[in-house]
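Scroll down for the structure; my scribbles are underneath it.
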Amino acid sequence: MTIVFKSPYDLAASVGSKLDASEWLLIDQDRINKFADATGDHQWIHVDPEKAKAGPFGAPIAHGYLTLSLVALFQPEILDVQGLSMGVNYGCDKVRFISPVKVGSRVRGVGELIKVEDVKGGVQATIRVTVEIEGSDRPACVVDTISRYYPE
């Protein structure tokens, strides 16, 4: 369930709080192939199902940066900051790819509000997003995203 903040200034009261989880998303071969086409990364561990079956993971795996890019899809499902003129992705701090995401797996993002600080004209929030793999004890990716929210 998406947590709603009526204003970017309301974020500060929730520092240290878990933010909930996004919906589960299936990682299929078509999504992996399209990411490979978009980035030019056609390494066989991603795009050659037959060769990948005999490889180190026993199946094709999603690109690490595909997994990371899904955070942009998950974050609006995790929190909804309202009363904005705009929000911008300011970047990331620590990013770690912990476990490979095999084709056919389902992943979701789970959020935690780490830090909120005032910046000129708005608020900057650091949100840790853990990309979980359904049925796995270890996450696929953990990233501290930095977003800037500018009120109306």
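Every chain in the structure tokens takes a letter, A first, then B, and so on in the order presented; its residues are numbered from 1, and the ligands are numbered from 1 following the presented order.
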
Do a neighbour search on A:Gln82 at 8 Å with only C-alpha atoms, toss out local chain neighbours closer than 3 positions, and write the hits as a list of chain:residue names.
-> A:Val4, A:Phe5, A:Lys6, A:Ser7, A:Pro8

Take the residues from that selection and write them out as an mmCIF file, in the first residue's frame, keeping C-alpha atoms.
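out-v9.cif written:
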```cif
data_model
loop_
_atom_site.group_PDB
_atom_site.id
_atom_site.type_symbol
_atom_site.label_atom_id
_atom_site.label_comp_id
_atom_site.auth_asym_id
_atom_site.auth_seq_id
_atom_site.Cartn_x
_atom_site.Cartn_y
_atom_site.Cartn_z
ATOM 1 C CA VAL A 4 0.812 9.265 1.049
ATOM 2 C CA PHE A 5 2.542 12.452 2.169
ATOM 3 C CA LYS A 6 0.385 15.554 1.621
ATOM 4 C CA SER A 7 3.473 17.768 1.349
ATOM 5 C CA PRO A 8 7.191 17.146 0.894
#
```

Please provide the set of residues having any atom within 12 Å of A:Pro56, restricted to only C-alpha atoms, with same-chain residues fewer than 6 positions apart removed, written as a PyMOL selection string.
-> chain A and resi 44-46+100+102

Using only C-alpha atoms, what does the table of stretch 28-73 of chain A residues within 10 Å of stretch 107-110 of chain A look like, with each row giving the shortest atom pair and its distance in Å to one decimal, sorted by chain and ascending number, as a Markdown table?
```
| residue | atom | partner | partner_atom | distance |
| --- | --- | --- | --- | --- |
| A:Thr67 | CA | A:Val107 | CA | 8.7 |
| A:Leu70 | CA | A:Gly109 | CA | 8.3 |
| A:Val71 | CA | A:Gly109 | CA | 6.7 |
| A:Ala72 | CA | A:Gly109 | CA | 9.8 |
| A:Leu73 | CA | A:Gly109 | CA | 8.9 |
```

Among chain A, which ones does DSSP place in helix (DSSP H, G or I), written as a PyMOL selection string?
-> chain A and resi 8-14+29-39+44-47+49-53+64-69+71-78

Name the residues of stretch 1-54 of chain A that fall into strand (DSSP E or B) according to DSSP on the backbone, using the chain letters and numbers of this document, as a ChimeraX atom specification.
-> /A:3-5,18-21,25-26

Long-range neighbours of A:Ser99 as an MDAnalysis selection string, 9 Å cut-off, only C-alpha atoms, 4 positions minimum in chain = chainID A and resid 133 138:141

Record the distance separating atom CA of A:Lys34 and atom CA of A:Ser105, expressed in Å with one decimal.
->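 Separation between atom CA of A:Lys34 and atom CA of A:Ser105: 16.7 Å.
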
With a distance cut-off of 7 Å and only C-alpha atoms, select the neighbouring residues of stretch 115-124 of chain A, excluding the residue or stretch itself and same-chain residues fewer than 3 positions from it, and output the selection as a list in words.
-> Pro8, Tyr9, Leu11, Ala12, Val15, Ile146, Ser147, Arg148, Tyr149, Tyr150 and Pro151 of chain A

Selection export as a short mmCIF file (atom, residue, chain, number, x, y, z; two decimals), in the first residue's frame, atoms kept: N, CA and C atoms:
```cif
data_model
loop_
_atom_site.label_atom_id
_atom_site.label_comp_id
_atom_site.auth_asym_id
_atom_site.auth_seq_id
_atom_site.Cartn_x
_atom_site.Cartn_y
_atom_site.Cartn_z
N PRO A 8 5.84 17.65 0.71
CA PRO A 8 7.19 17.15 0.89
C PRO A 8 7.74 17.42 2.30
N TYR A 9 7.21 18.45 2.94
CA TYR A 9 7.67 18.78 4.29
C TYR A 9 7.19 17.76 5.33
N LEU A 11 7.58 14.62 5.02
CA LEU A 11 8.51 13.48 5.01
C LEU A 11 9.37 13.42 6.26
N ALA A 12 9.79 14.56 6.76
CA ALA A 12 10.74 14.61 7.89
C ALA A 12 10.24 13.84 9.11
N VAL A 15 11.27 9.91 9.05
CA VAL A 15 12.64 9.40 8.90
C VAL A 15 12.82 8.19 9.81
N ILE A 146 18.19 9.24 -4.00
CA ILE A 146 18.08 10.62 -3.52
C ILE A 146 17.11 11.34 -4.45
N SER A 147 16.04 11.85 -3.86
CA SER A 147 15.02 12.56 -4.62
C SER A 147 14.86 13.96 -4.05
N ARG A 148 14.60 14.90 -4.94
CA ARG A 148 14.29 16.27 -4.51
C ARG A 148 12.84 16.56 -4.86
N TYR A 149 12.14 17.09 -3.88
CA TYR A 149 10.73 17.41 -4.02
C TYR A 149 10.55 18.91 -3.82
N TYR A 150 9.93 19.54 -4.81
CA TYR A 150 9.70 20.99 -4.78
C TYR A 150 8.20 21.25 -4.65
N PRO A 151 7.79 21.93 -3.56
CA PRO A 151 6.36 22.16 -3.33
C PRO A 151 5.77 23.15 -4.34
#
```

Would you mind listing what lies within 9 Å of A:Val95 as a list in words, with only C-alpha atoms counted and same-chain residues fewer than 5 positions away left out?
->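 Final neighbour list, sorted by chain and number: Leu68, Cys141, Val142, Val143, Asp144 and Thr145 of chain A.
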
Residue nearest A:Ile114 among A:His42, A:Glu50, A:Leu19, A:Gly83 (counting only C-alpha atoms) =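 Ranked by minimum distance to A:Ile114, first place goes to A:Leu19.
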
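Counting only C-alpha atoms and comparing A:Ala21, A:Met86, A:Val47, A:Val103, the residue that lies closest to A:Val131 is A:Ala21.
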
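As for atom CA of A:Arg96 and atom CA of A:Ala36, they are spaced 20.3 Å apart.
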
Between atom CA of A:Leu113 and atom CA of A:Glu23, measure the distance and give it in Å to one decimal.
->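 That distance, rounded to one decimal, is 18.4 Å.
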